[in-house]
>>> print(open('start24.csv').read())   # CSV, C-alpha atoms
chain,number,residue,atom,x,y,z
A,1,MET,CA,-15.6,1.9,12.2
A,2,PRO,CA,-16.8,-1.4,11.0
A,3,SER,CA,-14.2,-3.9,10.0
A,4,LYS,CA,-14.0,-7.6,9.1
A,5,MET,CA,-11.7,-10.4,8.1
A,6,LEU,CA,-12.3,-11.8,4.6
A,7,HIS,CA,-11.0,-14.4,2.2
A,8,ILE,CA,-10.2,-13.5,-1.4
A,9,PRO,CA,-10.3,-16.2,-4.0
A,10,THR,CA,-7.1,-16.2,-6.0
A,11,ALA,CA,-5.5,-18.4,-8.7
A,12,ASP,CA,-3.4,-20.1,-5.9
A,13,GLY,CA,-6.0,-20.4,-3.1
A,14,GLN,CA,-7.5,-17.9,-0.8
A,15,ALA,CA,-5.8,-14.7,0.6
A,16,ASP,CA,-6.9,-13.6,4.0
A,17,ALA,CA,-7.6,-9.9,4.2
A,18,PHE,CA,-8.7,-7.1,6.5
A,19,ALA,CA,-11.3,-4.6,5.4
A,20,ALA,CA,-12.5,-1.3,7.1
A,21,PHE,CA,-15.3,0.9,5.8
A,22,PRO,CA,-17.7,3.6,7.1
A,23,ASP,CA,-20.8,2.6,9.0
A,24,ARG,CA,-23.3,4.6,7.0
A,25,GLY,CA,-25.1,1.9,5.1
A,26,GLU,CA,-23.9,3.4,1.8
A,27,ARG,CA,-21.4,2.5,-0.9
A,28,HIS,CA,-18.0,4.0,-0.9
A,29,PRO,CA,-15.0,4.2,-3.3
A,30,GLY,CA,-12.6,1.3,-2.9
A,31,VAL,CA,-9.0,1.5,-1.9
A,32,LEU,CA,-6.6,-1.4,-2.1
A,33,MET,CA,-3.8,-1.0,0.5
A,34,TYR,CA,-0.6,-3.0,0.3
A,35,ALA,CA,1.2,-3.6,3.6
A,36,ASP,CA,5.0,-3.3,4.0
A,37,GLY,CA,7.2,-6.3,4.2
A,38,PHE,CA,6.2,-6.9,7.8
A,39,GLY,CA,2.6,-7.6,6.6
A,40,VAL,CA,-0.9,-7.1,8.0
A,41,ARG,CA,-0.7,-6.3,11.8
A,42,PRO,CA,-2.3,-3.9,14.2
A,43,VAL,CA,-0.6,-0.7,12.8
A,44,LEU,CA,-1.9,-1.5,9.3
A,45,ARG,CA,-5.4,-2.2,10.5
A,46,GLU,CA,-5.4,1.1,12.3
A,47,MET,CA,-4.2,3.0,9.2
A,48,ALA,CA,-7.0,1.2,7.2
A,49,ARG,CA,-9.6,2.3,9.8
A,50,GLU,CA,-8.3,5.9,9.7
A,51,LEU,CA,-8.5,6.0,5.9
A,52,ALA,CA,-11.9,4.4,6.0
A,53,GLY,CA,-13.1,7.2,8.3
A,54,HIS,CA,-12.6,9.6,5.4
A,55,GLY,CA,-15.2,7.8,3.3
A,56,TYR,CA,-13.5,4.8,1.7
A,57,TYR,CA,-13.7,1.0,1.7
A,58,VAL,CA,-10.2,-0.1,2.5
A,59,LEU,CA,-9.0,-3.7,1.7
A,60,VAL,CA,-5.6,-4.9,3.1
A,61,PRO,CA,-4.7,-8.4,1.8
A,62,ASN,CA,-2.1,-10.7,3.3
A,63,LEU,CA,0.6,-10.6,0.6
A,64,PHE,CA,2.1,-13.9,1.9
A,65,TYR,CA,-1.1,-15.9,2.1
A,66,ARG,CA,0.6,-18.8,0.2
A,67,HIS,CA,2.7,-19.3,3.4
A,68,GLY,CA,-0.2,-19.1,5.9
A,69,PRO,CA,-2.6,-16.5,7.4
A,70,ALA,CA,-1.3,-13.2,8.8
A,71,PRO,CA,0.8,-12.8,10.7
A,72,VAL,CA,2.8,-15.3,8.7
A,73,ILE,CA,5.7,-15.0,11.2
A,74,GLU,CA,5.6,-14.0,14.8
A,75,LEU,CA,6.1,-10.3,15.2
A,76,PRO,CA,7.0,-8.3,18.3
A,77,GLU,CA,4.7,-5.5,19.3
A,78,HIS,CA,7.5,-3.1,18.5
A,79,ILE,CA,9.9,-4.0,15.6
A,80,GLY,CA,13.1,-2.3,16.9
A,81,GLU,CA,16.6,-2.4,15.5
A,82,GLU,CA,17.6,-5.1,17.9
A,83,VAL,CA,15.1,-7.6,16.2
A,84,ARG,CA,14.8,-6.2,12.7
A,85,SER,CA,17.6,-8.3,11.2
A,86,ALA,CA,16.2,-11.5,12.7
A,87,VAL,CA,12.7,-10.7,11.5
A,88,PHE,CA,13.9,-9.9,8.0
A,89,ALA,CA,15.8,-13.2,7.9
A,90,GLN,CA,12.4,-14.9,8.2
A,91,LEU,CA,10.6,-12.6,5.8
A,92,MET,CA,13.1,-12.4,2.9
A,93,PRO,CA,12.3,-15.8,1.5
A,94,LEU,CA,8.6,-14.9,1.5
A,95,ILE,CA,9.3,-11.6,-0.3
A,96,GLU,CA,11.6,-13.3,-2.8
A,97,ALA,CA,9.0,-15.9,-3.5
A,98,HIS,CA,6.4,-13.2,-4.3
A,99,THR,CA,7.4,-12.9,-7.9
A,100,ALA,CA,6.2,-10.3,-10.4
A,101,GLU,CA,3.9,-13.0,-11.9
A,102,ARG,CA,2.4,-13.7,-8.5
A,103,VAL,CA,2.0,-10.0,-7.8
A,104,LEU,CA,0.0,-9.4,-11.0
A,105,SER,CA,-2.1,-12.6,-10.6
A,106,ASP,CA,-3.0,-11.5,-7.0
A,107,ALA,CA,-3.7,-7.9,-8.1
A,108,ASP,CA,-6.3,-9.2,-10.6
A,109,ALA,CA,-8.0,-11.2,-7.8
A,110,TYR,CA,-7.8,-8.3,-5.2
A,111,LEU,CA,-9.3,-5.8,-7.6
A,112,ARG,CA,-12.0,-8.2,-8.7
A,113,PHE,CA,-12.9,-8.9,-5.1
A,114,LEU,CA,-12.8,-5.3,-4.0
A,115,THR,CA,-15.0,-4.0,-6.8
A,116,THR,CA,-17.7,-6.6,-6.1
A,117,GLN,CA,-18.1,-5.9,-2.4
A,118,PRO,CA,-21.6,-4.7,-1.6
A,119,GLU,CA,-20.2,-1.7,0.3
A,120,VAL,CA,-18.0,-0.5,-2.6
A,121,ALA,CA,-19.3,2.0,-5.1
A,122,ALA,CA,-19.1,1.6,-8.9
A,123,GLY,CA,-16.3,3.4,-10.6
A,124,PRO,CA,-12.5,3.6,-10.3
A,125,VAL,CA,-10.4,2.6,-7.3
A,126,ALA,CA,-7.2,3.7,-5.7
A,127,VAL,CA,-4.1,1.7,-4.7
A,128,THR,CA,-1.7,2.6,-2.0
A,129,GLY,CA,1.3,0.8,-0.5
A,130,TYR,CA,4.2,1.0,1.9
A,131,CYS,CA,7.8,-0.2,1.4
A,132,ILE,CA,7.6,-3.3,-0.9
A,133,GLY,CA,3.9,-2.6,-1.0
A,134,GLY,CA,4.6,0.6,-2.8
A,135,LEU,CA,6.2,-1.4,-5.7
A,136,LEU,CA,3.2,-3.7,-5.7
A,137,ALA,CA,0.9,-0.6,-5.9
A,138,VAL,CA,2.8,0.7,-8.9
A,139,ARG,CA,2.7,-2.7,-10.6
A,140,THR,CA,-1.1,-2.9,-10.0
A,141,ALA,CA,-1.7,0.6,-11.3
A,142,ALA,CA,0.4,-0.2,-14.4
A,143,ALA,CA,-1.5,-3.4,-15.1
A,144,HIS,CA,-5.0,-1.9,-14.6
A,145,PRO,CA,-4.8,1.6,-16.2
A,146,GLY,CA,-8.5,1.8,-16.9
A,147,GLN,CA,-9.5,0.9,-13.3
A,148,VAL,CA,-7.0,2.5,-11.0
A,149,ALA,CA,-7.5,6.3,-10.8
A,150,ALA,CA,-4.9,7.0,-8.1
A,151,VAL,CA,-1.8,5.3,-6.8
A,152,ALA,CA,0.3,6.4,-3.8
A,153,ALA,CA,3.5,4.8,-2.5
A,154,PHE,CA,5.5,5.6,0.6
A,155,HIS,CA,9.1,4.7,1.2
A,156,GLY,CA,8.8,2.1,-1.6
A,157,PRO,CA,11.2,1.1,-4.4
A,158,VAL,CA,8.8,2.5,-7.0
A,159,GLY,CA,11.2,2.8,-9.8
A,160,ALA,CA,12.5,-0.8,-9.6
A,161,ASP,CA,10.8,-2.0,-12.8
A,162,GLY,CA,12.2,0.9,-14.9
A,163,PRO,CA,10.7,3.7,-16.8
A,164,ASP,CA,8.7,1.5,-19.2
A,165,ALA,CA,6.6,0.3,-16.3
A,166,LEU,CA,5.9,3.9,-15.2
A,167,ALA,CA,4.8,4.7,-18.8
A,168,GLU,CA,1.8,2.2,-18.4
A,169,ILE,CA,0.3,4.2,-15.6
A,170,THR,CA,-2.7,6.5,-16.3
A,171,ALA,CA,-3.6,7.0,-12.6
A,172,GLN,CA,-2.7,10.2,-10.7
A,173,VAL,CA,0.4,9.5,-8.6
A,174,HIS,CA,2.0,10.5,-5.3
A,175,PHE,CA,5.4,9.1,-4.3
A,176,GLY,CA,6.6,10.0,-0.8
A,177,HIS,CA,10.2,9.0,-0.4
A,178,ALA,CA,12.3,8.6,2.7
A,179,GLU,CA,15.4,10.8,2.9
A,180,SER,CA,17.5,7.7,3.6
A,181,ASP,CA,16.1,5.8,0.5
A,182,LEU,CA,16.7,8.3,-2.3
A,183,THR,CA,19.2,11.0,-3.1
A,184,PRO,CA,18.1,14.2,-4.7
A,185,GLU,CA,19.8,13.1,-7.9
A,186,ALA,CA,17.9,9.8,-8.0
A,187,LEU,CA,14.7,11.7,-7.3
A,188,GLY,CA,15.4,13.9,-10.3
A,189,GLU,CA,15.9,10.9,-12.5
A,190,LEU,CA,12.7,9.2,-11.3
A,191,ASN,CA,10.7,12.4,-11.8
A,192,GLN,CA,12.2,12.8,-15.3
A,193,ALA,CA,11.0,9.3,-16.1
A,194,LEU,CA,7.5,10.3,-14.9
A,195,ASP,CA,7.6,13.4,-17.0
A,196,ALA,CA,8.6,11.5,-20.0
A,197,ALA,CA,5.8,9.0,-19.4
A,198,GLY,CA,3.2,11.9,-19.2
A,199,VAL,CA,2.1,10.8,-15.7
A,200,GLY,CA,0.3,13.3,-13.5
A,201,TYR,CA,2.3,13.1,-10.3
A,202,THR,CA,3.8,14.6,-7.2
A,203,SER,CA,7.1,12.9,-6.0
A,204,GLU,CA,9.1,14.2,-3.2
A,205,ILE,CA,11.5,13.3,-0.4
A,206,TYR,CA,10.0,13.8,3.0
A,207,PRO,CA,12.6,15.7,5.1
A,208,GLY,CA,14.3,14.0,8.0
A,209,THR,CA,12.8,10.6,7.3
A,210,VAL,CA,14.3,7.1,7.1
A,211,HIS,CA,12.9,4.0,5.4
A,212,GLY,CA,9.6,2.9,7.1
A,213,PHE,CA,8.7,6.3,8.5
A,214,THR,CA,4.9,5.8,8.4
A,215,MET,CA,5.0,2.7,10.6
A,216,SER,CA,4.4,3.6,14.3
A,217,ASP,CA,5.5,0.1,15.5
A,218,THR,CA,9.1,0.5,14.2
A,219,ASP,CA,12.1,2.6,15.2
A,220,ALA,CA,11.8,4.3,11.8
A,221,PHE,CA,8.5,6.0,12.7
A,222,ASP,CA,8.4,9.8,12.2
A,223,PRO,CA,5.2,11.5,13.3
A,224,ALA,CA,5.8,14.5,11.0
A,225,GLY,CA,6.4,12.1,8.1
A,226,LEU,CA,3.1,10.2,8.8
A,227,LYS,CA,1.2,13.5,8.9
A,228,ARG,CA,2.7,14.6,5.6
A,229,HIS,CA,1.6,11.2,4.2
A,230,TRP,CA,-2.0,11.8,5.2
A,231,ASP,CA,-1.8,15.4,3.9
A,232,ARG,CA,-0.7,14.1,0.5
A,233,LEU,CA,-2.8,11.0,0.3
A,234,LEU,CA,-6.3,12.3,1.3
A,235,PRO,CA,-6.4,15.2,-1.3
A,236,LEU,CA,-5.2,12.7,-4.0
A,237,LEU,CA,-8.1,10.4,-3.2
A,238,ASP,CA,-10.5,13.3,-2.9
A,239,ARG,CA,-9.5,14.5,-6.4
A,240,THR,CA,-9.7,11.1,-8.1
A,241,LEU,CA,-12.5,9.3,-6.4
A,242,ALA,CA,-16.0,10.5,-5.6
A,243,SER,CA,-15.7,10.1,-1.8
A,244,GLY,CA,-18.7,8.8,0.0
>>> encode(input="start24.csv", output="structure tokens")
Amino acid sequence: MPSKMLHIPTADGQADAFAAFPDRGERHPGVLMYADGFGVRPVLREMARELAGHGYYVLVPNLFYRHGPAPVIELPEHIGEEVRSAVFAQLMPLIEAHTAERVLSDADAYLRFLTTQPEVAAGPVAVTGYCIGGLLAVRTAAAHPGQVAAVAAFHGPVGADGPDALAEITAQVHFGHAESDLTPEALGELNQALDAAGVGYTSEIYPGTVHGFTMSDTDAFDPAGLKRHWDRLLPLLDRTLASG
């Protein structure tokens, strides 16, 4: 699976990014993948390669490029509970500095870059994200309703901006929630907001999961949850993008 490191011009400089795509000399639908708060690292690159193997050009930008290239902080191979709090103490200032204004400015740049790559087919794109990246995916889809055909978010605070933000989405949606992140009552309220907004969606709690369940380099990892994520994500992309 071909992959390369890239630099995306933005309003504030250049964001380093990882891209993976099929080696067939063709053009493929584009997918913008937002990492979780730990950022771009081997597990994200592997997930991008796996998705690319299904016929997509997958772009994974370094969200925190303003603070340096990825990895912005030193990360252990396995982010276990014993180091999690220390790692987050370093990451939280970066996450807090990534304001909604910066998110939208960067999203413009990422989509502009993605859609002009020679390996990317004309037409709509998809956006997917994990943890905080799930919220960024929602914000990107809401800000680009004519361009984003599908949005998927996993163990992310997708309702953080309120129902008005969800009402801006025209993409097809899948939200996969961790059991530890959302009560059934909160899920009902979120889904009611999606219904009221007229969004086409699936939104469900993945049984037995905790926050971060897709990430194999953390203690939160749940293989069944990761499989369910692929089982939901791939058909969504297949329905909304003309897969190469």
>>> closest_residue(input="start24.csv", among="A:Asp164, A:His78, A:Thr214, A:Trp230", to="Leu44 (chain A)", atoms="all atoms listed in the file")
A:Thr214
>>> residues_around(input="start24.csv", residues="Ala160 (chain A)", least_positions_apart="6", cutoff="10 Å", atoms="only C-alpha atoms", output="VMD selection string")
chain A and resid 135 138 166
>>> closest_atom_pairs(input="start24.csv", of="region 98-217 of chain A", to="region 79-86 of chain A", cutoff="10 Å", atoms="only C-alpha atoms", output="CSV")
residue,atom,partner,partner_atom,distance
A:Met215,CA,A:Ile79,CA,9.7
A:Ser216,CA,A:Ile79,CA,9.5
A:Asp217,CA,A:Ile79,CA,6.0
>>> write_last_selection(input="start24.csv", atoms="C-alpha atoms", output="PDB file, keeping the file's coordinate frame")
ATOM      1  CA  MET A 215       5.000   2.700  10.600  1.00  0.00           C
ATOM      2  CA  SER A 216       4.400   3.600  14.300  1.00  0.00           C
ATOM      3  CA  ASP A 217       5.500   0.100  15.500  1.00  0.00           C
TER       4      ASP A 217
END
>>> residues_around(input="start24.csv", residues="Ala107 (chain A)", least_positions_apart="6", cutoff="9 Å", atoms="all atoms listed in the file", output="PyMOL selection string")
chain A and resi 136-137+139-140+143-144
>>> closest_residue(input="start24.csv", among="A:Asp231, A:Glu101, A:Glu168, A:Asp12", to="Leu194 (chain A)", atoms="all atoms listed in the file")
A:Glu168
>>> closest_residue(input="start24.csv", among="A:Ala35, A:Ala89, A:Leu111, A:Ala122", to="Phe154 (chain A)", atoms="only C-alpha atoms")
A:Ala35
>>> atom_distance(input="start24.csv", atom1="CA of Leu75 (chain A)", atom2="CA of Phe21 (chain A)")
25.9 Å
>>> atom_distance(input="start24.csv", atom1="CA of Pro9 (chain A)", atom2="CA of His54 (chain A)")
27.6 Å
>>> residues_around(input="start24.csv", residues="Ala17 (chain A)", least_positions_apart="3", cutoff="10 Å", atoms="all atoms listed in the file", output="number ranges by chain")
A: 4-8, 14, 40, 59-63, 65, 69-70, 110
>>> atom_distance(input="start24.csv", atom1="CA of Phe18 (chain A)", atom2="CA of Tyr206 (chain A)")
28.3 Å
>>> residues_around(input="start24.csv", residues="Cys131 (chain A)", least_positions_apart="2", cutoff="7 Å", atoms="only C-alpha atoms", output="JSON, numbers by chain")
{"A": [36, 37, 129, 133, 134, 154, 155, 156, 157, 212]}
>>> closest_residue(input="start24.csv", among="A:Ala153, A:Leu114, A:Ala48, A:Ile132", to="Phe175 (chain A)", atoms="all atoms listed in the file")
A:Ala153
>>> closest_residue(input="start24.csv", among="A:Thr170, A:Val127, A:Thr240, A:Arg49", to="Ala142 (chain A)", atoms="all atoms listed in the file")
A:Thr170
>>> residues_around(input="start24.csv", residues="Ala52 (chain A)", least_positions_apart="5", cutoff="7 Å", atoms="only C-alpha atoms", output="number ranges by chain")
A: 20-22, 57-58
>>> closest_residue(input="start24.csv", among="A:Ala100, A:Glu189, A:Ala242, A:Ala220", to="Asp161 (chain A)", atoms="all atoms listed in the file")
A:Ala100
>>> build_atoms(input="start24.csv", residues="region 134-145 of chain A", atoms="all heavy atoms", output="short mmCIF file (atom, residue, chain, number, x, y, z; two decimals), keeping the file's coordinate frame")
data_model
loop_
_atom_site.label_atom_id
_atom_site.label_comp_id
_atom_site.auth_asym_id
_atom_site.auth_seq_id
_atom_site.Cartn_x
_atom_site.Cartn_y
_atom_site.Cartn_z
N GLY A 134 4.64 -0.50 -1.87
CA GLY A 134 4.60 0.60 -2.80
C GLY A 134 4.93 0.15 -4.23
O GLY A 134 4.32 0.61 -5.19
N LEU A 135 5.88 -0.78 -4.35
CA LEU A 135 6.20 -1.40 -5.70
C LEU A 135 4.99 -2.15 -6.18
O LEU A 135 4.64 -2.07 -7.36
CB LEU A 135 7.43 -2.23 -5.58
CG LEU A 135 7.82 -2.99 -6.86
CD1 LEU A 135 8.05 -2.03 -8.02
CD2 LEU A 135 9.06 -3.85 -6.62
N LEU A 136 4.34 -2.90 -5.30
CA LEU A 136 3.20 -3.70 -5.70
C LEU A 136 2.04 -2.73 -6.16
O LEU A 136 1.31 -3.04 -7.11
CB LEU A 136 2.68 -4.54 -4.55
CG LEU A 136 3.32 -5.94 -4.46
CD1 LEU A 136 4.83 -5.90 -4.45
CD2 LEU A 136 2.82 -6.67 -3.21
N ALA A 137 1.90 -1.58 -5.49
CA ALA A 137 0.90 -0.60 -5.90
C ALA A 137 1.18 -0.08 -7.30
O ALA A 137 0.26 0.06 -8.12
CB ALA A 137 0.85 0.54 -4.88
N VAL A 138 2.44 0.21 -7.58
CA VAL A 138 2.80 0.70 -8.90
C VAL A 138 2.53 -0.38 -9.96
O VAL A 138 1.98 -0.09 -11.03
CB VAL A 138 4.31 1.10 -8.92
CG1 VAL A 138 4.81 1.34 -10.33
CG2 VAL A 138 4.52 2.35 -8.06
N ARG A 139 2.90 -1.61 -9.67
CA ARG A 139 2.70 -2.70 -10.60
C ARG A 139 1.15 -2.89 -10.87
O ARG A 139 0.73 -3.13 -12.00
CB ARG A 139 3.27 -3.99 -10.11
CG ARG A 139 4.79 -4.01 -10.18
CD ARG A 139 5.39 -5.26 -9.57
NE ARG A 139 6.82 -5.35 -9.81
CZ ARG A 139 7.63 -6.26 -9.25
NH1 ARG A 139 7.11 -7.16 -8.40
NH2 ARG A 139 8.92 -6.27 -9.53
N THR A 140 0.36 -2.75 -9.82
CA THR A 140 -1.10 -2.90 -10.00
C THR A 140 -1.66 -1.79 -10.82
O THR A 140 -2.49 -2.02 -11.71
CB THR A 140 -1.75 -2.92 -8.58
OG1 THR A 140 -1.22 -4.02 -7.82
CG2 THR A 140 -3.26 -3.08 -8.68
N ALA A 141 -1.24 -0.56 -10.57
CA ALA A 141 -1.70 0.60 -11.30
C ALA A 141 -1.33 0.45 -12.81
O ALA A 141 -2.12 0.75 -13.71
CB ALA A 141 -1.20 1.89 -10.76
N ALA A 142 -0.10 -0.01 -13.07
CA ALA A 142 0.40 -0.20 -14.40
C ALA A 142 -0.40 -1.24 -15.18
O ALA A 142 -0.64 -1.13 -16.39
CB ALA A 142 1.86 -0.46 -14.46
N ALA A 143 -0.80 -2.28 -14.46
CA ALA A 143 -1.50 -3.40 -15.10
C ALA A 143 -2.99 -3.15 -15.27
O ALA A 143 -3.65 -3.86 -16.03
CB ALA A 143 -1.29 -4.67 -14.26
N HIS A 144 -3.52 -2.14 -14.58
CA HIS A 144 -5.00 -1.90 -14.60
C HIS A 144 -5.20 -0.37 -14.88
O HIS A 144 -5.85 0.31 -14.06
CB HIS A 144 -5.62 -2.31 -13.32
CG HIS A 144 -5.53 -3.78 -13.07
ND1 HIS A 144 -6.48 -4.67 -13.49
CD2 HIS A 144 -4.56 -4.52 -12.47
CE1 HIS A 144 -6.13 -5.90 -13.16
NE2 HIS A 144 -4.96 -5.83 -12.54
N PRO A 145 -4.73 0.13 -16.02
CA PRO A 145 -4.80 1.60 -16.20
C PRO A 145 -6.22 2.13 -16.33
O PRO A 145 -6.46 3.28 -15.97
CB PRO A 145 -4.05 1.76 -17.58
CG PRO A 145 -4.12 0.43 -18.25
CD PRO A 145 -4.06 -0.57 -17.13
#
